[in-house]
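See structure below.
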Amino acid sequence: TALIDLGVGYGLHPALSSLAPFWQEERLAVVHAVGSPDPTRSHFDAQDYMETGTPGRKGTSSGWLNRVSGLLGHEGTPFRSVAVTPALPRSLYGDEPAVAVTDLADFRVKAPGSKRVVNTTSQGFEALYQQTSQELLRDTGAETFEAMEMLDRLDPKRYRPAKGARYPRSPLGESLEQIAMLIKADVGLEVAFAESGGWDTHVQQGTDGGSFAQRARDLASAIEAFWTDLDAHQDQVVLMTMTEFGRTVRENGSGGTDHGHGTCMFVLGNRVEGGRVHGDLPGLHPSELYEGRDLPVTTDFRALFSEVAGRHLGISDDGQMFPGWTGARIPLLRT
């Protein structure tokens with residue numbers, strides 16, 4: 001009875017209630033039974049395959065978001081691809097510029113191959129230039145300093161979200177708040193990445209309470225605040241969740257669920273075919289499950305990623321985004 005009836009034969013977990021208005025406004029879509037065609041149950045392999053966009057192929061040197069950045073063909077600023085994470089995610093590895101930062105108010109630049117880390121907000125840029133011109137500038141380029149000066153003028157410590165945007169005081173909430181600031185500041189951001197951990201609920205997962213509900217509530221609250229904060233910039237943004245695993249259908253003996261196969265992902269945007277569950281989920285009878293325990297993967301994650309990145313950013317070459325893939329996109333965004 002706690003489930004939120006979506007009116008299409010599915011219910012939304014009560015901890016995700018913050019997302020329900022977007023569904024009702026037909027801006028939020030769910031893609032179900034989506035995932036990797038590779039059968040691995042290793043977190044490390046599955047995440048690597050998803051972030052490189054080449055399931056089953058180890059050793060791919062670039063991430064799919066980095067390739068997307070390259071296909072846009074823009075010189076831009078170093079802030080065109082940003083991960084608000086302690087380290088650069090695999091999806092942004094590659095030849096195109098990308099930066100990982102955990103706190104824009106204390107932004108640090110590390111020269112590639114160097115042990116020197118420079119705090120760009122604690123000293124003047126002229127002094128910084130003098131100290132690092134032989135080492136840092138050679139590797140990052142003068143345009144990096146232009147972007148950092150732009151960021152310094154923004155004064156991230158004084159940023160105030162739009163009215164009604166209440167970010168949870170969690171790593172994800174703080175990350176999305178910083179991404180919203182960069183979008184609204186018009187520093188040339190094109191691709192942004194944030195992460196949410198703690199979903200590996202092998203034990204004591206709970207139902208409308210417990211560890212899963214805590215993570216789901218944080219996810220939904222952070223997304224709601226982010227979208228509210230964007231305000232007039234919403235038309236420029238599409239938000240997509242991605243995860244390398246689902247959960248098994250049947251609970252295990254420890255009150256949790258183990259590594260599954262298919263999962264669901266959310267897509268939010270003003271041009272999204274929202275208020276719908278996309279994809280094909282046959283059912284939950286054991287005969288309809290993958291290996292008798294998991295949702296099957298009936299939609300390759302590349303069909304989703306290529307639709308969102310390709311249609312939103314105007315990229316037509318799916319083969320460049322996802323080498324070796326010859327599948328079709330899943331229609332999700334209106335033209």
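Naming works like this for the structure tokens: A, B, ... for the chains as they're shown, residue 1 at the start of each chain, ligands 1 onward in shown order.
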Q: Excluding Gln320 in chain A and residues on its chain fewer than 6 positions from it, collect all residues at most 9 Å away from it, counting only C-alpha atoms, and give them as a ChimeraX atom specification.
A: /A:67-68,71
With range 305-319 of chain A as the partner and 10 Å as the cut-off, tabulate the residues of range 21-105 of chain A that qualify, each row holding the nearest pair of atoms and their distance in Å to one decimal, using only C-alpha atoms, sorted by chain and rising number, as CSV.
residue,atom,partner,partner_atom,distance
A:Gly53,CA,A:Phe305,CA,9.0
A:Trp64,CA,A:Phe305,CA,9.1
A:Leu65,CA,A:Ala309,CA,8.7
A:Val68,CA,A:Ala309,CA,7.4
A:Ser69,CA,A:Leu313,CA,9.6
A:Leu71,CA,A:Ile315,CA,7.0
A:Leu72,CA,A:Ile315,CA,7.2
Limited to C-alpha atoms, could you put the picked residues into a file as a PDB file, in the first residue's frame?
ATOM      1  CA  GLY A  53      30.603   1.375 -23.451  1.00  0.00           C
ATOM      2  CA  TRP A  64      31.988   6.636 -23.683  1.00  0.00           C
ATOM      3  CA  LEU A  65      31.388  10.122 -22.269  1.00  0.00           C
ATOM      4  CA  VAL A  68      30.858  11.938 -26.764  1.00  0.00           C
ATOM      5  CA  SER A  69      32.803  15.054 -25.801  1.00  0.00           C
ATOM      6  CA  LEU A  71      32.288  14.017 -31.217  1.00  0.00           C
ATOM      7  CA  LEU A  72      30.833  17.385 -30.229  1.00  0.00           C
TER       8      LEU A  72
END
Q: Compile the contact shell of Phe301 in chain A as an MDAnalysis selection string: residues with an atom at most 12 Å away, counting only C-alpha atoms, same-chain residues fewer than 5 positions apart removed.
A: chainID A and resid 31:38 46:47 49:55 64 240:245 261:265 279 306:308 322 325 327:330
How close does each residue of range 258-335 of chain A get to range 5-26 of chain A, giving the shortest atom pair and distance in Å to one decimal for every residue with an atom at most 9 Å away, counting only C-alpha atoms, sorted by chain and residue number, as CSV?
residue,atom,partner,partner_atom,distance
A:Leu268,CA,A:Phe22,CA,7.7
A:Gly269,CA,A:Phe22,CA,9.0
A:Asn270,CA,A:Glu26,CA,8.2
A:Val272,CA,A:Glu26,CA,7.5
A:Glu273,CA,A:Glu26,CA,6.7
A:Gly274,CA,A:Glu26,CA,3.9
A:Gly275,CA,A:Glu26,CA,4.3
A:Arg276,CA,A:Val8,CA,7.5
A:Val277,CA,A:Val8,CA,7.8
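Between CA of Gly76 in chain A and CA of Leu88 in chain A there is a distance of 18.9 Å.
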(Q) Applying 10 Å and only C-alpha atoms, which residues near Lys184 in chain A remain after dropping the ones on its own chain fewer than 4 positions away? List them as a VMD selection string. (A) chain A and resid 178 to 180 188 to 189 229 to 233
Q: Determine the nearest neighbour of Ala192 in chain A from the options A:Arg250, A:Ala162, A:Arg80, A:Val267, counting only C-alpha atoms.
A: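 Result for the nearest residue to Ala192 in chain A: A:Arg80.
The closest residue to Lys163 in chain A, picked from A:Thr326, A:Gln205, A:Thr228, A:Ser211 and counting only C-alpha atoms, is A:Thr228.
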Q | Long-range neighbours of Gln204 in chain A as a ChimeraX atom specification, 7 Å cut-off, only C-alpha atoms, 6 positions minimum in chain | A | /A:210,254-256
Keeping N, CA and C atoms, export the residues of the selection given above as a compact mmCIF listing (two decimals), in the first residue's frame.
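File again06.txt, as written:
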# COMPACT_ATOMS: atom_id res chain seq x y z
N GLY A 210 15.05 1.00 5.82
CA GLY A 210 16.25 0.23 5.59
C GLY A 210 17.21 0.89 4.62
N SER A 254 19.90 -13.33 4.02
CA SER A 254 20.39 -12.24 4.87
C SER A 254 19.51 -11.00 4.80
N GLY A 255 18.34 -11.15 4.19
CA GLY A 255 17.44 -10.01 4.11
C GLY A 255 17.85 -8.99 3.09
N GLY A 256 18.62 -9.42 2.09
CA GLY A 256 19.04 -8.50 1.04
C GLY A 256 18.85 -9.14 -0.32
